[in-house]
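**Q** Input upload-v1.cif, format and content: mmCIF, C-alpha atoms.
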data_final
loop_
_atom_site.label_atom_id
_atom_site.label_comp_id
_atom_site.auth_asym_id
_atom_site.auth_seq_id
_atom_site.Cartn_x
_atom_site.Cartn_y
_atom_site.Cartn_z
CA MET Y 1 -58.95 -56.37 13.70
CA LYS Y 2 -55.64 -54.93 12.59
CA PRO Y 3 -55.42 -54.48 8.84
CA THR Y 4 -52.83 -56.97 7.69
CA GLY Y 5 -51.93 -58.91 4.57
CA PRO Y 6 -50.82 -57.86 1.12
CA SER Y 7 -54.21 -56.52 0.20
CA ALA Y 8 -53.97 -53.88 2.92
CA ARG Y 9 -50.34 -52.90 2.43
CA GLY Y 10 -48.10 -51.17 -0.05
CA TRP Y 11 -44.37 -51.74 -0.11
CA LEU Y 12 -43.64 -50.53 3.41
CA LEU Y 13 -46.80 -48.90 4.75
CA PRO Y 14 -50.54 -49.66 4.54
CA ARG Y 15 -52.22 -47.98 1.60
CA HIS Y 16 -54.08 -45.58 3.85
CA GLU Y 17 -50.81 -44.31 5.32
CA LEU Y 18 -49.23 -44.02 1.88
CA ALA Y 19 -52.23 -41.93 0.85
CA LEU Y 20 -51.72 -39.75 3.93
CA LEU Y 21 -48.08 -39.21 3.00
CA ALA Y 22 -49.12 -38.17 -0.49
CA ALA Y 23 -51.76 -35.82 0.97
CA ILE Y 24 -49.17 -34.25 3.28
CA VAL Y 25 -46.87 -33.57 0.32
CA ILE Y 26 -49.75 -32.12 -1.73
CA VAL Y 27 -50.87 -29.80 1.09
CA PHE Y 28 -47.30 -28.65 1.73
CA VAL Y 29 -46.48 -27.95 -1.92
CA GLY Y 30 -49.90 -26.42 -2.59
CA THR Y 31 -49.63 -24.08 0.39
CA GLY Y 32 -46.12 -23.01 -0.57
CA TRP Y 33 -47.29 -22.28 -4.11
CA LEU Y 34 -50.51 -20.43 -3.23
CA ASP Y 35 -49.17 -18.46 -0.26
CA PRO Y 36 -48.35 -14.98 -1.66
CA ASN Y 37 -45.68 -14.50 1.01
CA GLY Y 38 -44.00 -17.81 0.17
CA THR Y 39 -43.62 -18.47 3.90
CA TYR Y 40 -42.59 -22.10 3.55
CA PHE Y 41 -39.80 -21.13 1.16
CA ASN Y 42 -38.73 -17.75 2.55
CA ALA Y 43 -39.14 -18.37 6.29
CA TRP Y 44 -39.03 -22.14 6.58
CA PRO Y 45 -37.32 -22.38 10.04
CA GLU Y 46 -40.12 -20.40 11.70
CA SER Y 47 -42.85 -22.35 9.88
CA ARG Y 48 -41.12 -25.62 10.70
CA ASP Y 49 -41.04 -24.82 14.41
CA ILE Y 50 -44.72 -23.86 14.45
CA ILE Y 51 -45.73 -27.05 12.63
CA LEU Y 52 -43.56 -29.29 14.82
CA ARG Y 53 -44.73 -27.71 18.07
CA ASN Y 54 -48.41 -27.89 17.18
CA THR Y 55 -48.09 -31.39 15.72
CA ALA Y 56 -46.32 -32.66 18.83
CA LEU Y 57 -48.98 -31.23 21.14
CA LEU Y 58 -51.82 -32.63 19.04
CA GLY Y 59 -50.01 -35.91 18.45
CA ILE Y 60 -49.44 -36.61 22.16
CA ILE Y 61 -53.19 -36.35 22.77
CA ALA Y 62 -54.03 -38.22 19.56
CA LEU Y 63 -51.92 -41.22 20.59
CA GLY Y 64 -54.01 -41.55 23.73
CA ALA Y 65 -57.20 -41.07 21.74
CA SER Y 66 -56.15 -43.76 19.26
CA VAL Y 67 -55.60 -46.34 22.02
CA VAL Y 68 -59.07 -45.59 23.41
CA ILE Y 69 -60.64 -45.81 19.95
CA ILE Y 70 -58.83 -49.06 19.12
CA SER Y 71 -60.25 -50.53 22.33
CA GLY Y 72 -63.75 -49.69 21.11
CA GLY Y 73 -64.28 -46.58 23.25
CA ILE Y 74 -64.25 -42.82 22.85
CA ASP Y 75 -62.89 -40.04 25.07
CA LEU Y 76 -64.42 -36.60 24.65
CA SER Y 77 -62.76 -35.12 27.74
CA ALA Y 78 -59.17 -34.71 26.47
CA GLY Y 79 -59.41 -30.92 26.09
CA SER Y 80 -60.78 -30.48 29.60
CA MET Y 81 -58.10 -32.85 30.91
CA VAL Y 82 -55.48 -30.60 29.32
CA ALA Y 83 -56.95 -27.64 31.23
CA LEU Y 84 -57.16 -29.59 34.50
CA SER Y 85 -53.58 -30.82 34.21
CA GLY Y 86 -52.06 -27.38 33.69
CA THR Y 87 -54.23 -25.87 36.44
CA THR Y 88 -53.31 -28.63 38.90
CA CYS Y 89 -49.60 -28.17 38.21
CA ALA Y 90 -49.76 -24.39 38.66
CA LEU Y 91 -51.84 -24.58 41.84
CA VAL Y 92 -49.56 -27.12 43.47
CA MET Y 93 -46.52 -25.01 42.57
CA SER Y 94 -48.22 -21.98 44.14
CA LEU Y 95 -48.16 -23.81 47.48
CA PHE Y 96 -44.36 -24.11 47.23
CA ALA Y 97 -43.77 -20.51 46.13
CA ASP Y 98 -43.10 -17.57 48.42
CA ALA Y 99 -46.21 -16.06 49.97
CA ASP Y 100 -46.13 -12.95 47.78
CA ASP Y 101 -44.95 -14.68 44.58
CA ARG Y 102 -47.88 -14.71 42.17
CA ARG Y 103 -45.70 -15.44 39.16
CA LEU Y 104 -44.29 -18.68 40.64
CA VAL Y 105 -40.69 -17.63 40.14
CA THR Y 106 -39.47 -18.99 43.48
CA VAL Y 107 -40.64 -22.60 43.14
CA GLY Y 108 -37.81 -25.10 43.68
CA PRO Y 109 -37.13 -28.51 42.13
CA VAL Y 110 -39.08 -30.40 44.80
CA GLY Y 111 -42.18 -28.27 44.28
CA ILE Y 112 -41.95 -28.67 40.51
CA ALA Y 113 -41.55 -32.45 40.76
CA ILE Y 114 -44.53 -32.76 43.10
CA ALA Y 115 -46.64 -30.49 40.88
CA VAL Y 116 -45.85 -32.48 37.72
CA ALA Y 117 -46.57 -35.74 39.56
CA ALA Y 118 -49.89 -34.30 40.77
CA SER Y 119 -50.87 -33.42 37.20
CA LEU Y 120 -50.10 -36.91 35.92
CA LEU Y 121 -51.88 -38.42 38.94
CA ALA Y 122 -54.93 -36.34 38.02
CA GLY Y 123 -54.85 -37.94 34.57
CA LEU Y 124 -54.66 -41.42 36.13
CA LEU Y 125 -57.59 -40.66 38.44
CA VAL Y 126 -59.74 -39.30 35.60
CA GLY Y 127 -59.01 -42.39 33.50
CA THR Y 128 -59.98 -44.57 36.45
CA LEU Y 129 -63.20 -42.57 36.88
CA HIS Y 130 -64.05 -43.10 33.21
CA THR Y 131 -63.48 -46.85 33.54
CA TRP Y 132 -65.67 -47.06 36.63
CA LEU Y 133 -68.51 -45.13 34.97
CA ILE Y 134 -68.32 -47.34 31.88
CA THR Y 135 -67.78 -50.78 33.48
CA ALA Y 136 -69.59 -50.50 36.82
CA ILE Y 137 -72.31 -47.89 36.22
CA ARG Y 138 -72.68 -49.09 32.60
CA LEU Y 139 -72.70 -45.63 31.08
CA PRO Y 140 -71.90 -45.51 27.36
CA PRO Y 141 -68.39 -44.11 26.81
CA PHE Y 142 -69.85 -41.16 24.94
CA VAL Y 143 -72.03 -40.17 27.90
CA ALA Y 144 -69.36 -40.79 30.55
CA THR Y 145 -66.70 -38.72 28.82
CA LEU Y 146 -69.20 -36.05 27.73
CA ALA Y 147 -69.96 -35.53 31.42
CA THR Y 148 -66.29 -35.09 32.26
CA LEU Y 149 -65.80 -32.87 29.19
CA VAL Y 150 -68.09 -30.35 30.87
CA GLY Y 151 -67.32 -31.18 34.49
CA LEU Y 152 -63.52 -31.23 34.51
CA ARG Y 153 -63.13 -27.74 33.09
CA SER Y 154 -65.64 -26.34 35.56
CA PHE Y 155 -63.86 -28.19 38.37
CA ALA Y 156 -60.51 -26.75 37.28
CA ARG Y 157 -61.93 -23.21 37.28
CA ALA Y 158 -63.50 -23.64 40.71
CA MET Y 159 -60.28 -25.13 42.07
CA CYS Y 160 -58.29 -22.19 40.67
CA VAL Y 161 -60.61 -19.65 42.31
CA PHE Y 162 -60.56 -21.50 45.65
CA VAL Y 163 -56.79 -21.99 45.89
CA THR Y 164 -55.89 -18.45 44.77
CA ARG Y 165 -58.33 -17.00 47.31
CA MET Y 166 -56.92 -19.13 50.11
CA ARG Y 167 -53.30 -18.54 49.06
CA TRP Y 168 -53.28 -14.86 48.08
CA GLY Y 169 -56.55 -13.48 49.41
CA SER Y 170 -58.04 -12.68 45.99
CA GLU Y 171 -59.75 -14.85 43.41
CA SER Y 172 -58.28 -15.50 39.97
CA GLN Y 173 -59.12 -17.82 37.10
CA GLN Y 174 -55.60 -17.89 35.73
CA ILE Y 175 -52.09 -18.20 37.15
CA GLN Y 176 -48.87 -16.89 35.66
CA VAL Y 177 -46.18 -19.58 35.46
CA ASN Y 178 -42.65 -18.19 35.30
CA THR Y 179 -40.86 -20.96 37.16
CA PRO Y 180 -37.32 -21.17 35.71
CA ALA Y 181 -37.77 -24.83 34.74
CA PHE Y 182 -40.93 -24.05 32.75
CA VAL Y 183 -39.32 -20.96 31.20
CA TRP Y 184 -36.50 -23.22 30.03
CA LEU Y 185 -39.06 -25.70 28.70
CA LYS Y 186 -40.77 -22.88 26.80
CA GLU Y 187 -37.48 -21.84 25.21
CA HIS Y 188 -36.80 -25.43 24.09
CA ASN Y 189 -40.44 -26.39 23.58
CA VAL Y 190 -40.13 -27.48 19.94
CA VAL Y 191 -37.25 -29.90 20.47
CA ILE Y 192 -38.46 -31.36 23.76
CA SER Y 193 -42.15 -31.72 22.83
CA THR Y 194 -41.24 -33.31 19.49
CA ALA Y 195 -38.83 -35.73 21.19
CA VAL Y 196 -41.48 -36.65 23.79
CA PHE Y 197 -44.08 -37.13 21.05
CA LEU Y 198 -41.85 -39.43 19.01
CA GLY Y 199 -40.73 -41.33 22.11
CA LEU Y 200 -44.34 -41.77 23.21
CA ALA Y 201 -45.21 -42.95 19.68
CA VAL Y 202 -42.50 -45.63 19.91
CA VAL Y 203 -43.75 -46.77 23.33
CA THR Y 204 -47.35 -46.88 22.06
CA TRP Y 205 -46.26 -48.84 18.98
CA ILE Y 206 -44.46 -51.39 21.16
CA ILE Y 207 -47.51 -51.78 23.39
CA LEU Y 208 -49.93 -52.21 20.49
CA SER Y 209 -47.84 -54.43 18.24
CA ARG Y 210 -45.44 -56.31 20.50
CA THR Y 211 -47.33 -57.11 23.72
CA VAL Y 212 -50.21 -59.27 24.87
CA LEU Y 213 -51.93 -56.13 26.15
CA GLY Y 214 -51.86 -54.70 22.63
CA ARG Y 215 -53.48 -57.81 21.18
CA HIS Y 216 -56.13 -57.61 23.89
CA LEU Y 217 -56.84 -53.96 23.01
CA TYR Y 218 -57.48 -54.90 19.38
CA ALA Y 219 -59.56 -57.92 20.41
CA LEU Y 220 -61.63 -55.81 22.79
CA GLY Y 221 -62.35 -53.23 20.11
CA GLY Y 222 -63.09 -55.89 17.49
CA ASN Y 223 -65.62 -57.84 19.55
CA GLU Y 224 -65.94 -57.25 23.28
CA GLN Y 225 -68.16 -60.26 23.95
CA ALA Y 226 -65.82 -62.61 22.12
CA ALA Y 227 -62.85 -61.11 23.95
CA ARG Y 228 -64.53 -61.69 27.30
CA LEU Y 229 -65.46 -65.28 26.42
CA SER Y 230 -61.87 -65.94 25.39
CA GLY Y 231 -60.69 -65.12 28.89
CA ILE Y 232 -59.55 -61.50 28.43
CA ARG Y 233 -60.18 -59.32 31.47
CA THR Y 234 -61.90 -56.63 29.48
CA GLU Y 235 -62.40 -54.28 32.45
CA ASN Y 236 -58.64 -54.17 33.07
CA VAL Y 237 -57.94 -53.55 29.39
CA LYS Y 238 -60.46 -50.68 29.39
CA TRP Y 239 -58.82 -49.26 32.50
CA PHE Y 240 -55.46 -49.15 30.73
CA ALA Y 241 -56.95 -47.56 27.59
CA TYR Y 242 -58.77 -44.75 29.39
CA CYS Y 243 -55.91 -44.10 31.81
CA PHE Y 244 -53.47 -43.94 28.89
CA GLY Y 245 -55.74 -41.48 27.09
CA SER Y 246 -56.07 -39.25 30.15
CA LEU Y 247 -52.34 -39.42 30.94
CA THR Y 248 -51.37 -38.30 27.45
CA ALA Y 249 -53.81 -35.38 27.71
CA ALA Y 250 -52.33 -34.48 31.11
CA LEU Y 251 -48.82 -34.56 29.61
CA ALA Y 252 -49.93 -32.30 26.76
CA GLY Y 253 -51.42 -29.93 29.34
CA LEU Y 254 -47.98 -29.44 30.90
CA PHE Y 255 -46.44 -28.56 27.54
CA LEU Y 256 -49.29 -26.16 26.73
CA MET Y 257 -48.93 -24.42 30.08
CA ALA Y 258 -45.18 -24.08 29.56
CA ALA Y 259 -45.64 -22.70 26.02
CA SER Y 260 -48.16 -20.05 27.13
CA SER Y 261 -46.60 -19.33 30.58
CA VAL Y 262 -50.07 -19.35 32.10
CA ALA Y 263 -52.56 -21.83 33.53
CA GLN Y 264 -55.94 -20.74 32.22
CA PRO Y 265 -58.62 -23.41 32.75
CA ASN Y 266 -61.32 -21.41 31.00
CA ALA Y 267 -59.54 -21.42 27.63
CA ALA Y 268 -56.79 -24.04 27.69
CA GLY Y 269 -57.34 -27.09 25.51
CA ARG Y 270 -60.70 -26.09 24.04
CA ASN Y 271 -61.70 -28.34 21.12
CA TYR Y 272 -58.50 -30.37 21.49
CA GLU Y 273 -60.56 -33.53 21.90
CA LEU Y 274 -62.13 -33.10 18.45
CA ASN Y 275 -58.76 -32.47 16.84
CA ALA Y 276 -57.25 -35.52 18.57
CA ILE Y 277 -60.10 -37.75 17.42
CA ALA Y 278 -59.83 -36.26 13.92
CA ALA Y 279 -56.09 -37.05 13.82
CA ALA Y 280 -56.65 -40.62 15.02
CA VAL Y 281 -59.56 -41.29 12.67
CA GLY Y 282 -57.82 -39.54 9.80
CA GLY Y 283 -54.86 -41.81 10.49
CA GLY Y 284 -56.96 -44.93 10.00
CA CYS Y 285 -58.52 -45.70 13.40
CA SER Y 286 -62.06 -47.00 13.08
CA LEU Y 287 -64.64 -45.56 15.46
CA GLN Y 288 -66.12 -49.05 15.63
CA GLY Y 289 -62.91 -50.19 17.33
CA GLY Y 290 -60.29 -52.84 16.64
CA VAL Y 291 -58.51 -50.98 13.82
CA GLY Y 292 -55.69 -48.45 13.89
CA THR Y 293 -51.92 -47.95 13.86
CA VAL Y 294 -49.50 -45.63 15.57
CA THR Y 295 -47.89 -44.65 12.28
CA GLY Y 296 -51.28 -43.67 10.91
CA THR Y 297 -52.03 -41.53 13.97
CA VAL Y 298 -48.67 -39.74 13.70
CA LEU Y 299 -49.28 -39.02 10.02
CA GLY Y 300 -52.87 -38.02 10.76
CA ALA Y 301 -51.71 -35.47 13.34
CA LEU Y 302 -49.14 -34.04 10.93
CA PHE Y 303 -51.67 -33.86 8.10
CA LEU Y 304 -54.29 -32.13 10.23
CA ARG Y 305 -51.84 -29.55 11.56
CA LEU Y 306 -50.52 -28.88 8.05
CA VAL Y 307 -54.06 -28.29 6.81
CA ILE Y 308 -54.81 -25.91 9.70
CA ASP Y 309 -51.50 -24.13 9.13
CA ALA Y 310 -52.29 -23.86 5.43
CA VAL Y 311 -55.62 -22.21 6.24
CA SER Y 312 -53.91 -19.65 8.47
CA LYS Y 313 -51.42 -18.81 5.70
CA LEU Y 314 -53.87 -18.67 2.80
CA ILE Y 315 -56.83 -17.10 4.59
CA LYS Y 316 -55.24 -14.15 6.34
CA ALA Y 317 -58.35 -12.72 7.99
CA SER Y 318 -60.24 -14.73 10.63
CA ALA Y 319 -58.70 -18.04 9.61
CA ASP Y 320 -59.84 -19.60 12.91
CA ILE Y 321 -63.45 -19.32 11.71
CA TYR Y 322 -62.82 -22.09 9.19
CA GLU Y 323 -60.78 -24.38 11.44
CA GLY Y 324 -63.81 -26.15 12.97
CA MET Y 325 -65.38 -26.74 9.56
CA ILE Y 326 -62.17 -28.18 8.17
CA VAL Y 327 -61.67 -30.52 11.12
CA GLY Y 328 -65.29 -31.68 10.81
CA ILE Y 329 -64.89 -32.32 7.09
CA ILE Y 330 -61.70 -34.32 7.67
CA VAL Y 331 -63.44 -36.46 10.30
CA ALA Y 332 -66.42 -37.09 8.01
CA LEU Y 333 -64.19 -37.98 5.04
CA ALA Y 334 -61.97 -40.23 7.14
CA VAL Y 335 -64.92 -42.16 8.55
CA THR Y 336 -66.47 -42.41 5.08
CA LEU Y 337 -63.27 -43.85 3.63
CA THR Y 338 -62.95 -46.24 6.58
CA GLN Y 339 -66.49 -47.50 6.09
CA PHE Y 340 -66.39 -47.52 2.29
CA GLY Y 341 -64.84 -50.98 2.01
CA GLN Y 342 -67.34 -52.49 4.44
CA ILE Y 343 -70.26 -50.85 2.63
CA THR Y 344 -69.21 -52.09 -0.79
CA GLN Y 345 -68.37 -55.60 0.46
CA ALA Y 346 -71.85 -55.86 1.98
CA GLY Y 347 -73.42 -54.78 -1.31
CA GLY Y 348 -74.46 -51.39 0.05
CA ARG Y 349 -74.30 -47.98 -1.60
CA LEU Y 350 -73.06 -44.56 -0.48
CA PHE Y 351 -76.01 -42.79 -2.11
CA PRO Y 352 -79.01 -45.15 -1.94
CA GLY Y 353 -82.53 -44.14 -2.98
CA LEU Y 354 -84.02 -40.67 -2.81
CA ARG Y 355 -82.08 -39.78 0.35
CA GLY Y 356 -78.82 -40.45 -1.44
CA LEU Y 357 -80.00 -38.50 -4.47
CA ALA Y 358 -80.88 -35.52 -2.24
CA ALA Y 359 -77.55 -35.72 -0.42
CA ILE Y 360 -75.53 -35.14 -3.61
CA PRO Y 361 -76.69 -31.56 -4.37
CA THR Y 362 -76.65 -30.78 -0.63
CA ILE Y 363 -72.97 -31.71 -0.37
CA ALA Y 364 -72.20 -29.87 -3.60
CA VAL Y 365 -73.87 -26.66 -2.36
CA PHE Y 366 -71.95 -26.77 0.93
CA ALA Y 367 -68.68 -27.43 -0.90
CA GLY Y 368 -69.31 -24.53 -3.25
CA LEU Y 369 -70.26 -22.10 -0.47
CA LEU Y 370 -67.29 -23.10 1.67
CA SER Y 371 -64.94 -22.67 -1.27
CA MET Y 372 -66.46 -19.32 -2.10
CA MET Y 373 -66.16 -17.98 1.46
CA GLY Y 374 -62.72 -19.43 2.07
CA SER Y 375 -61.26 -18.15 -1.20
CA ALA Y 376 -62.34 -14.56 -0.53
CA ASN Y 377 -59.06 -13.93 1.31
CA ILE Y 378 -56.79 -16.03 -0.91
CA GLU Y 379 -54.81 -13.75 -3.18
CA ALA Y 380 -54.47 -16.35 -5.95
CA VAL Y 381 -58.23 -16.39 -6.58
CA ARG Y 382 -59.22 -13.01 -5.17
CA GLY Y 383 -61.79 -11.33 -7.39
CA ARG Y 384 -62.94 -14.67 -8.78
CA THR Y 385 -64.49 -16.13 -5.64
CA VAL Y 386 -67.97 -16.66 -7.12
CA PRO Y 387 -66.75 -18.48 -10.26
CA PHE Y 388 -64.33 -20.48 -8.10
CA GLY Y 389 -67.09 -21.53 -5.69
CA LEU Y 390 -69.41 -22.43 -8.56
CA ALA Y 391 -66.68 -24.47 -10.22
CA VAL Y 392 -66.01 -26.42 -7.00
CA GLY Y 393 -69.71 -26.99 -6.44
CA VAL Y 394 -70.27 -28.24 -10.00
CA ALA Y 395 -67.18 -30.46 -9.82
CA VAL Y 396 -68.39 -32.06 -6.57
CA LEU Y 397 -71.88 -32.49 -8.02
CA LEU Y 398 -70.53 -34.25 -11.12
CA LEU Y 399 -68.12 -36.41 -9.13
CA LEU Y 400 -70.73 -37.62 -6.66
CA GLY Y 401 -73.23 -38.10 -9.47
CA LEU Y 402 -70.68 -40.32 -11.23
CA VAL Y 403 -70.19 -42.32 -8.02
CA ARG Y 404 -73.93 -42.88 -7.71
CA TRP Y 405 -74.20 -43.91 -11.35
CA LEU Y 406 -71.36 -46.42 -10.95
CA GLU Y 407 -72.99 -47.79 -7.80
CA GLY Y 408 -76.23 -48.23 -9.73
CA ARG Y 409 -74.45 -50.20 -12.46
CA ARG Y 410 -72.66 -52.36 -9.90
CA THR Y 411 -75.84 -53.30 -8.03
CA ALA Y 412 -78.02 -53.65 -11.12
#
Now that the file is in, can you turn its structure into structure tokens?
**A**
Amino acid sequence: MKPTGPSARGWLLPRHELALLAAIVIVFVGTGWLDPNGTYFNAWPESRDIILRNTALLGIIALGASVVIISGGIDLSAGSMVALSGTTCALVMSLFADADDRRLVTVGPVGIAIAVAASLLAGLLVGTLHTWLITAIRLPPFVATLATLVGLRSFARAMCVFVTRMRWGSESQQIQVNTPAFVWLKEHNVVISTAVFLGLAVVTWIILSRTVLGRHLYALGGNEQAARLSGIRTENVKWFAYCFGSLTAALAGLFLMAASSVAQPNAAGRNYELNAIAAAVGGGCSLQGGVGTVTGTVLGALFLRLVIDAVSKLIKASADIYEGMIVGIIVALAVTLTQFGQITQAGGRLFPGLRGLAAIPTIAVFAGLLSMMGSANIEAVRGRTVPFGLAVGVAVLLLLGLVRWLEGRRTA
């Protein structure tokens, strides 16, 4: 169910979203202070554009992911859908280009419109396929979308090879996109993608909070059997959720293709599905379904991109190595915080028995090692990485030990 009531809200926003706002401010100020180049202060326009562009791209996908999660499902195929969308658009445009134009410069407005429509139609078809696999074949959403996570990218690559061979006589797994309309979109990518993201957020908010369909999405995620017994056509609601998720990923694929000026199904959109789920869950969506807000998802996307941007600024060498770990940690923490209230209300404990006792030093060791490795390239603590890692590990150990001790007193 949607979190409502004074116990769940602050003055204007739910407490979780207020906490996200505070975390965003802390990450921003901390990065500006620790960054030896002072990028946020000395080159703010460039940093702002990077953050807005990446947040908009992630946020568009995360809005679709949040609707699926609220409905009680999961979509692991968003990254592959991004690749399929961009590839479909480029391949269709290649059919409208001159025979010897491999850079797609000569594509006219009609060809562009048909190509964009084909990409969005691909998203609608993939969402329909997911719904059929889940409702008719009875596959779990995880399995159905895991299959398309692998299959759609492979399909996009095969389609790219086939069409380029038939069109130009030689195989290629990427297509250059220099159509004037997409060049213009690249030049204005920050403004347009941000405007589309915010507009889509408003539309999603209206659907979730002001329509019968939105109430049905929350009811479906809260208790599918009760929703069906109350007369809700749950299959239709699932169809909307999965189609919406695939359509947003397809839309993001067009922006990504425009920003990179190339359709590259092998690399485009990799791991985007994890980041989108992390943004939605970090924004307050419960993986059990029935809980989540658009505002939380928007803030979650901004927070995640700020954290990733902070890593790239503070850890100069091979910052991408740590991105996956950070996203995973954010997902784990977000789910833990989401479940914490339910665990405590049911009289449960975060660290029960010997397993809980063993988990505390395990988490502390990982935290210490991660801090040690990550701080090796941070100028503010360079030369003191081992003491810094030990300090973080000990602090985590003491904090979690205190939590377990308090849980023991509460349940005693």
**Q** Can you pull out every residue within 9 Å of Leu95 in chain Y, counting all atoms listed in the file, but drop anything in the same chain fewer than 6 positions away, and send it as JSON, numbers by chain?
**A** {"Y": [107, 111, 163, 167]}
**Q** Between Y:Asn236, Y:Ser193, Y:Thr204, Y:Ser260, single out the one closest to Leu58 in chain Y, counting all atoms listed in the file.
**A** Y:Ser193
**Q** Write out as an NGL selection string the residues lying within 9 Å of range 122-124 of chain Y, counting all atoms listed in the file and excluding same-chain residues fewer than 5 positions away.
**A** :Y and (81 or 84-85 or 88 or 117 or 129 or 242-251)
**Q** Can you spell out as a list in words the set of residues that the PyMOL selection byres ((chain Y and resi 392) around 8) selects in the structure I just provided?
**A**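 Applied to this file, the PyMOL selection byres ((chain Y and resi 392) around 8) returns Ala364, Ala367, Gly368, Ser371, Phe388, Gly389, Leu390, Ala391, Gly393, Val394, Ala395 and Val396 of chain Y.
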**Q** Using the chain letters and numbers from this file, what does the PyMOL selection byres ((chain Y and resi 360) around 12) select? Give the answer as number ranges by chain.
**A** Y: 350-359, 361-367, 393-405
**Q** Go ahead and save the picked residues with C-alpha atoms, as an mmCIF file, keeping the file's coordinate frame.
**A**
data_model
loop_
_atom_site.group_PDB
_atom_site.id
_atom_site.type_symbol
_atom_site.label_atom_id
_atom_site.label_comp_id
_atom_site.auth_asym_id
_atom_site.auth_seq_id
_atom_site.Cartn_x
_atom_site.Cartn_y
_atom_site.Cartn_z
ATOM 1 C CA LEU Y 350 -73.060 -44.560 -0.480
ATOM 2 C CA PHE Y 351 -76.010 -42.790 -2.110
ATOM 3 C CA PRO Y 352 -79.010 -45.150 -1.940
ATOM 4 C CA GLY Y 353 -82.530 -44.140 -2.980
ATOM 5 C CA LEU Y 354 -84.020 -40.670 -2.810
ATOM 6 C CA ARG Y 355 -82.080 -39.780 0.350
ATOM 7 C CA GLY Y 356 -78.820 -40.450 -1.440
ATOM 8 C CA LEU Y 357 -80.000 -38.500 -4.470
ATOM 9 C CA ALA Y 358 -80.880 -35.520 -2.240
ATOM 10 C CA ALA Y 359 -77.550 -35.720 -0.420
ATOM 11 C CA PRO Y 361 -76.690 -31.560 -4.370
ATOM 12 C CA THR Y 362 -76.650 -30.780 -0.630
ATOM 13 C CA ILE Y 363 -72.970 -31.710 -0.370
ATOM 14 C CA ALA Y 364 -72.200 -29.870 -3.600
ATOM 15 C CA VAL Y 365 -73.870 -26.660 -2.360
ATOM 16 C CA PHE Y 366 -71.950 -26.770 0.930
ATOM 17 C CA ALA Y 367 -68.680 -27.430 -0.900
ATOM 18 C CA GLY Y 393 -69.710 -26.990 -6.440
ATOM 19 C CA VAL Y 394 -70.270 -28.240 -10.000
ATOM 20 C CA ALA Y 395 -67.180 -30.460 -9.820
ATOM 21 C CA VAL Y 396 -68.390 -32.060 -6.570
ATOM 22 C CA LEU Y 397 -71.880 -32.490 -8.020
ATOM 23 C CA LEU Y 398 -70.530 -34.250 -11.120
ATOM 24 C CA LEU Y 399 -68.120 -36.410 -9.130
ATOM 25 C CA LEU Y 400 -70.730 -37.620 -6.660
ATOM 26 C CA GLY Y 401 -73.230 -38.100 -9.470
ATOM 27 C CA LEU Y 402 -70.680 -40.320 -11.230
ATOM 28 C CA VAL Y 403 -70.190 -42.320 -8.020
ATOM 29 C CA ARG Y 404 -73.930 -42.880 -7.710
ATOM 30 C CA TRP Y 405 -74.200 -43.910 -11.350
#
**Q** With the file shown as input, list the residues that the PyMOL selection byres ((chain Y and resi 61) around 7) selects, as a PyMOL selection string.
**A** chain Y and resi 57-60+62-65+248-249+252+276
**Q** Find the distance between CA of Gly127 in chain Y and CA of Lys238 in chain Y and write it in Å to one decimal.
**A**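 Calculated distance between CA of Gly127 in chain Y and CA of Lys238 in chain Y is 9.4 Å.
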**Q** How many Å separate CA of Ala144 in chain Y from CA of Asn275 in chain Y?
**A**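 Atom-to-atom, CA of Ala144 in chain Y and CA of Asn275 in chain Y are spaced 19.2 Å apart.
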**Q** Using 7 Å as the limit and counting all atoms listed in the file, can you tabulate each residue of range 270-312 of chain Y that touches range 31-52 of chain Y, with its shortest atom-to-atom distance in Å and the two atoms involved, as JSON lines?
**A**
{"residue": "Y:Arg305", "atom": "CA", "partner": "Y:Ile51", "partner_atom": "CA", "distance": 6.7}
{"residue": "Y:Leu306", "atom": "CA", "partner": "Y:Ile51", "partner_atom": "CA", "distance": 6.9}
{"residue": "Y:Ala310", "atom": "CA", "partner": "Y:Thr31", "partner_atom": "CA", "distance": 5.7}
**Q** Quick check, in Å to one decimal: how far apart do CA of Leu21 in chain Y and CA of Ala279 in chain Y lie?
**A**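 Going from CA of Leu21 in chain Y over to CA of Ala279 in chain Y, I get 13.6 Å.
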**Q** Using all atoms listed in the file, which residue out of Y:Ala56, Y:Val327, Y:Val116, Y:Leu200 lies closest to Leu274 in chain Y?
**A**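 Distance minimum relative to Leu274 in chain Y lands on Y:Val327.
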**Q** Give me the residues within 9 Å of range 187-189 of chain Y as a PyMOL selection string, counting all atoms listed in the file and dropping any in the same chain fewer than 5 places off.
**A** chain Y and resi 53+182+194+255+258-259
